[in-house]
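Some notes on the structure that comes next.
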Amino acid sequence: MISLSPFRASWPGDYPPAARLLDAAKMAREKAYAPYSGFSVGAALLVRGRPEFFTGCNVENSSYGLSFCAERSAAVAMVAAGKTHPLAVAIAGQDGVPCLPCGACRQFLAEFNPELLLVLDEGGTPAVVSLAALFPAPFLLNRENRP
Ligand code: THU
């Protein structure tokens, strides 16, 4: 199993328990549509001042390249509900195994918060890592590259 040590971060005391966010990601995973890979993933996003989480699951397609990852579908649900600043996202793939977001999702999530915290399932315990450590230099058109 990959070592998360270089990426670890602390969980702020005023956030809801990381375990609750991970549980919500596991519940969202139940809705995954993954008939091709057989790999179900759920994600749950925490936004300030909202007790409920935004959730998503992976949604695959017969045309494989059109498939959506769970993290991106949760972020789309968040934006559709009028929120654009997530604080943390929990990701649940295989039970007990940390499911790190793919490169495309790291970029997609960094758009909304490059300092986002990630909660992963490390042997049944929530592990907190930072997106900034996993993906330190996102492309940010709206901040650094505005024409
Ligand atoms: N997947 C996610 O939804 N999130 C990840 O972090 C990794 C991969 C999905 C994409 C595809 O539907 C399946 O898992 C196998 O790659």
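Residue numbering restarts at 1 for every chain of the structure tokens, chains are lettered A, B, ... in their displayed order, and ligands are numbered from 1 as they appear.
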May I have a table of the residues of chain A lying at most 8 Å from ligand 1, giving each one's closest pair of atoms and their distance in Å to one decimal, counting only C-alpha atoms and all ligand atoms, ordered by chain and ascending residue number, as a Markdown table?
| residue | atom | partner | partner_atom_place_in_ligand_line | distance |
| --- | --- | --- | --- | --- |
| A:Tyr33 | CA | ligand 1 | 12 (O) | 7.8 |
| A:Ala34 | CA | ligand 1 | 12 (O) | 5.7 |
| A:Tyr36 | CA | ligand 1 | 12 (O) | 7.8 |
| A:Ser37 | CA | ligand 1 | 15 (C) | 5.3 |
| A:Gly38 | CA | ligand 1 | 13 (C) | 7.4 |
| A:Phe39 | CA | ligand 1 | 13 (C) | 5.1 |
| A:Ser40 | CA | ligand 1 | 14 (O) | 6.1 |
| A:Val41 | CA | ligand 1 | 3 (O) | 4.9 |
| A:Gly42 | CA | ligand 1 | 3 (O) | 6.9 |
| A:Cys57 | CA | ligand 1 | 3 (O) | 6.4 |
| A:Asn58 | CA | ligand 1 | 3 (O) | 4.3 |
| A:Val59 | CA | ligand 1 | 12 (O) | 6.1 |
| A:Glu60 | CA | ligand 1 | 12 (O) | 5.3 |
| A:Ser67 | CA | ligand 1 | 12 (O) | 6.0 |
| A:Phe68 | CA | ligand 1 | 10 (C) | 6.4 |
| A:Cys69 | CA | ligand 1 | 3 (O) | 3.2 |
| A:Ala70 | CA | ligand 1 | 3 (O) | 4.0 |
| A:Glu71 | CA | ligand 1 | 4 (N) | 6.0 |
| A:Arg72 | CA | ligand 1 | 3 (O) | 7.8 |
| A:Ile91 | CA | ligand 1 | 6 (O) | 7.0 |
| A:Gly93 | CA | ligand 1 | 5 (C) | 7.3 |
| A:Cys99 | CA | ligand 1 | 6 (O) | 5.6 |
| A:Leu100 | CA | ligand 1 | 6 (O) | 5.3 |
| A:Pro101 | CA | ligand 1 | 6 (O) | 3.6 |
| A:Cys102 | CA | ligand 1 | 6 (O) | 5.1 |
| A:Cys105 | CA | ligand 1 | 6 (O) | 7.2 |
Q) Could you pull the residues within 9 Å of stretch 8-10 of chain A, counting only C-alpha atoms, minus those fewer than 3 positions along the same chain, as a PyMOL selection string? A) chain A and resi 4-5+117-118+127-130+133
Q. Excluding same-chain residues fewer than 3 positions from A:Glu52, what lies within 12 Å of it counting only C-alpha atoms, as a list in words?
A.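 What passes the distance filter is Pro16, Arg20, Leu21, Ala24, Ala44, Leu45, Leu46, Val47, Arg48, Gly49, Thr55, Met78 and Ala81 of chain A.
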The selected residues should be written to file as a JSON list (two decimals), in the first residue's frame (atoms: N, CA, C and O atoms).
[["chain", "number", "residue", "atom", "x", "y", "z"],
["A", 16, "PRO", "N", -16.66, 18.90, 10.92],
["A", 16, "PRO", "CA", -17.30, 17.66, 11.38],
["A", 16, "PRO", "C", -16.27, 16.51, 11.33],
["A", 16, "PRO", "O", -15.29, 16.61, 10.59],
["A", 20, "ARG", "N", -17.07, 10.88, 9.56],
["A", 20, "ARG", "CA", -18.44, 11.08, 9.02],
["A", 20, "ARG", "C", -18.40, 11.36, 7.53],
["A", 20, "ARG", "O", -19.25, 10.90, 6.76],
["A", 21, "LEU", "N", -17.41, 12.13, 7.12],
["A", 21, "LEU", "CA", -17.27, 12.44, 5.69],
["A", 21, "LEU", "C", -16.94, 11.17, 4.91],
["A", 21, "LEU", "O", -17.48, 10.92, 3.83],
["A", 24, "ALA", "N", -19.98, 9.07, 4.48],
["A", 24, "ALA", "CA", -20.85, 9.60, 3.41],
["A", 24, "ALA", "C", -20.31, 9.19, 2.04],
["A", 24, "ALA", "O", -21.09, 8.88, 1.12],
["A", 44, "ALA", "N", -17.47, 12.49, -1.08],
["A", 44, "ALA", "CA", -18.34, 13.42, -0.33],
["A", 44, "ALA", "C", -17.54, 14.68, -0.05],
["A", 44, "ALA", "O", -16.41, 14.62, 0.45],
["A", 45, "LEU", "N", -18.14, 15.81, -0.38],
["A", 45, "LEU", "CA", -17.48, 17.12, -0.24],
["A", 45, "LEU", "C", -18.07, 17.89, 0.92],
["A", 45, "LEU", "O", -19.29, 18.00, 1.05],
["A", 46, "LEU", "N", -17.20, 18.48, 1.71],
["A", 46, "LEU", "CA", -17.61, 19.34, 2.83],
["A", 46, "LEU", "C", -17.46, 20.80, 2.41],
["A", 46, "LEU", "O", -16.42, 21.20, 1.87],
["A", 47, "VAL", "N", -18.51, 21.58, 2.67],
["A", 47, "VAL", "CA", -18.51, 23.00, 2.37],
["A", 47, "VAL", "C", -18.82, 23.75, 3.66],
["A", 47, "VAL", "O", -19.64, 23.29, 4.46],
["A", 48, "ARG", "N", -18.18, 24.89, 3.87],
["A", 48, "ARG", "CA", -18.40, 25.63, 5.11],
["A", 48, "ARG", "C", -19.87, 26.03, 5.31],
["A", 48, "ARG", "O", -20.55, 26.41, 4.36],
["A", 49, "GLY", "N", -20.33, 25.87, 6.53],
["A", 49, "GLY", "CA", -21.66, 26.35, 6.88],
["A", 49, "GLY", "C", -22.80, 25.49, 6.37],
["A", 49, "GLY", "O", -23.95, 25.93, 6.35],
["A", 55, "THR", "N", -22.36, 14.78, -2.59],
["A", 55, "THR", "CA", -21.80, 13.47, -2.87],
["A", 55, "THR", "C", -21.80, 13.17, -4.37],
["A", 55, "THR", "O", -22.55, 13.78, -5.14],
["A", 78, "MET", "N", -21.84, 20.03, -6.23],
["A", 78, "MET", "CA", -21.61, 21.19, -5.38],
["A", 78, "MET", "C", -21.85, 22.49, -6.16],
["A", 78, "MET", "O", -22.57, 23.39, -5.70],
["A", 81, "ALA", "N", -25.34, 23.30, -6.94],
["A", 81, "ALA", "CA", -26.10, 23.77, -5.78],
["A", 81, "ALA", "C", -25.67, 25.18, -5.37],
["A", 81, "ALA", "O", -26.12, 25.69, -4.34]]
Q | Pick from A:Asp23, A:Asp14, A:Glu122, A:Glu115, whichever lies nearest to A:Phe53 using only C-alpha atoms | A |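 Using only C-alpha atoms, the shortest distance to A:Phe53 belongs to A:Asp23.
Backbone DSSP over stretch 28-77 of chain A gives helix (DSSP H, G or I) for Ala28, Arg29, Tyr64, Gly65, Leu66, Ala70, Glu71, Arg72, Ser73, Ala74, Ala75, Val76 and Ala77 of chain A.
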Please provide as a PDB file with N, CA and C atoms, in the first residue's frame all residues within 10 Å of A:Gly123, with the sequence filter that same-chain residues fewer than 2 positions apart are discarded (counting only C-alpha atoms).
ATOM      1  N   MET A   1       0.848  -1.203   0.000  1.00  0.00           N
ATOM      2  CA  MET A   1       0.000   0.000   0.000  1.00  0.00           C
ATOM      3  C   MET A   1       0.879   1.247   0.000  1.00  0.00           C
ATOM      4  N   ASP A  95     -12.609  -0.863   0.182  1.00  0.00           N
ATOM      5  CA  ASP A  95     -12.571  -0.672   1.635  1.00  0.00           C
ATOM      6  C   ASP A  95     -11.166  -0.880   2.196  1.00  0.00           C
ATOM      7  N   GLY A  96     -10.730   0.076   3.018  1.00  0.00           N
ATOM      8  CA  GLY A  96      -9.447  -0.046   3.707  1.00  0.00           C
ATOM      9  C   GLY A  96      -8.248   0.407   2.905  1.00  0.00           C
ATOM     10  N   VAL A  97      -8.452   0.674   1.614  1.00  0.00           N
ATOM     11  CA  VAL A  97      -7.323   1.046   0.742  1.00  0.00           C
ATOM     12  C   VAL A  97      -7.487   2.505   0.320  1.00  0.00           C
ATOM     13  N   PRO A  98      -6.481   3.364   0.571  1.00  0.00           N
ATOM     14  CA  PRO A  98      -6.616   4.775   0.176  1.00  0.00           C
ATOM     15  C   PRO A  98      -6.794   4.895  -1.337  1.00  0.00           C
ATOM     16  N   LEU A 120      -9.080   9.853   3.164  1.00  0.00           N
ATOM     17  CA  LEU A 120      -8.971   8.552   2.486  1.00  0.00           C
ATOM     18  C   LEU A 120      -9.099   7.424   3.505  1.00  0.00           C
ATOM     19  N   ASP A 121      -9.491   6.281   3.026  1.00  0.00           N
ATOM     20  CA  ASP A 121      -9.689   5.115   3.891  1.00  0.00           C
ATOM     21  C   ASP A 121      -8.373   4.337   4.006  1.00  0.00           C
ATOM     22  N   THR A 125      -9.398   3.446   8.821  1.00  0.00           N
ATOM     23  CA  THR A 125      -9.298   4.707   9.576  1.00  0.00           C
ATOM     24  C   THR A 125      -9.213   5.864   8.581  1.00  0.00           C
ATOM     25  N   PRO A 126      -9.866   6.995   8.885  1.00  0.00           N
ATOM     26  CA  PRO A 126      -9.747   8.121   7.955  1.00  0.00           C
ATOM     27  C   PRO A 126      -8.351   8.750   8.008  1.00  0.00           C
ATOM     28  N   ALA A 127      -7.708   8.844   6.859  1.00  0.00           N
ATOM     29  CA  ALA A 127      -6.393   9.490   6.765  1.00  0.00           C
ATOM     30  C   ALA A 127      -6.603  10.817   6.049  1.00  0.00           C
TER      31      ALA A 127
END
(Q) Using only C-alpha atoms, can you tell me which of A:Leu131, A:Ala74, A:Leu140, A:Asn145 comes closest to A:Ala32? (A) A:Ala74
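The residue that comes closest to A:Ala88, out of A:Ser62, A:Gln107, A:Asn113, A:Ser73 and on the basis of only C-alpha atoms, is A:Asn113.
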Q: May I ask for the distance between atom CA of A:Ala132 and atom CA of A:Arg106, given in Å to one decimal place?
A: 9.4 Å
Q) For A:Pro51, which residue out of A:Gly124, A:Pro12, A:Pro136, A:Pro17 is the nearest one, using only C-alpha atoms? A)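 Counting only C-alpha atoms, the residue closest to A:Pro51 is A:Pro17.
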Q) Which of stretch 34-144 of chain A counts as strand (DSSP E) under DSSP, as a PyMOL selection string please? A) chain A and resi 42-47+54-57+86-92+117-122+125-130
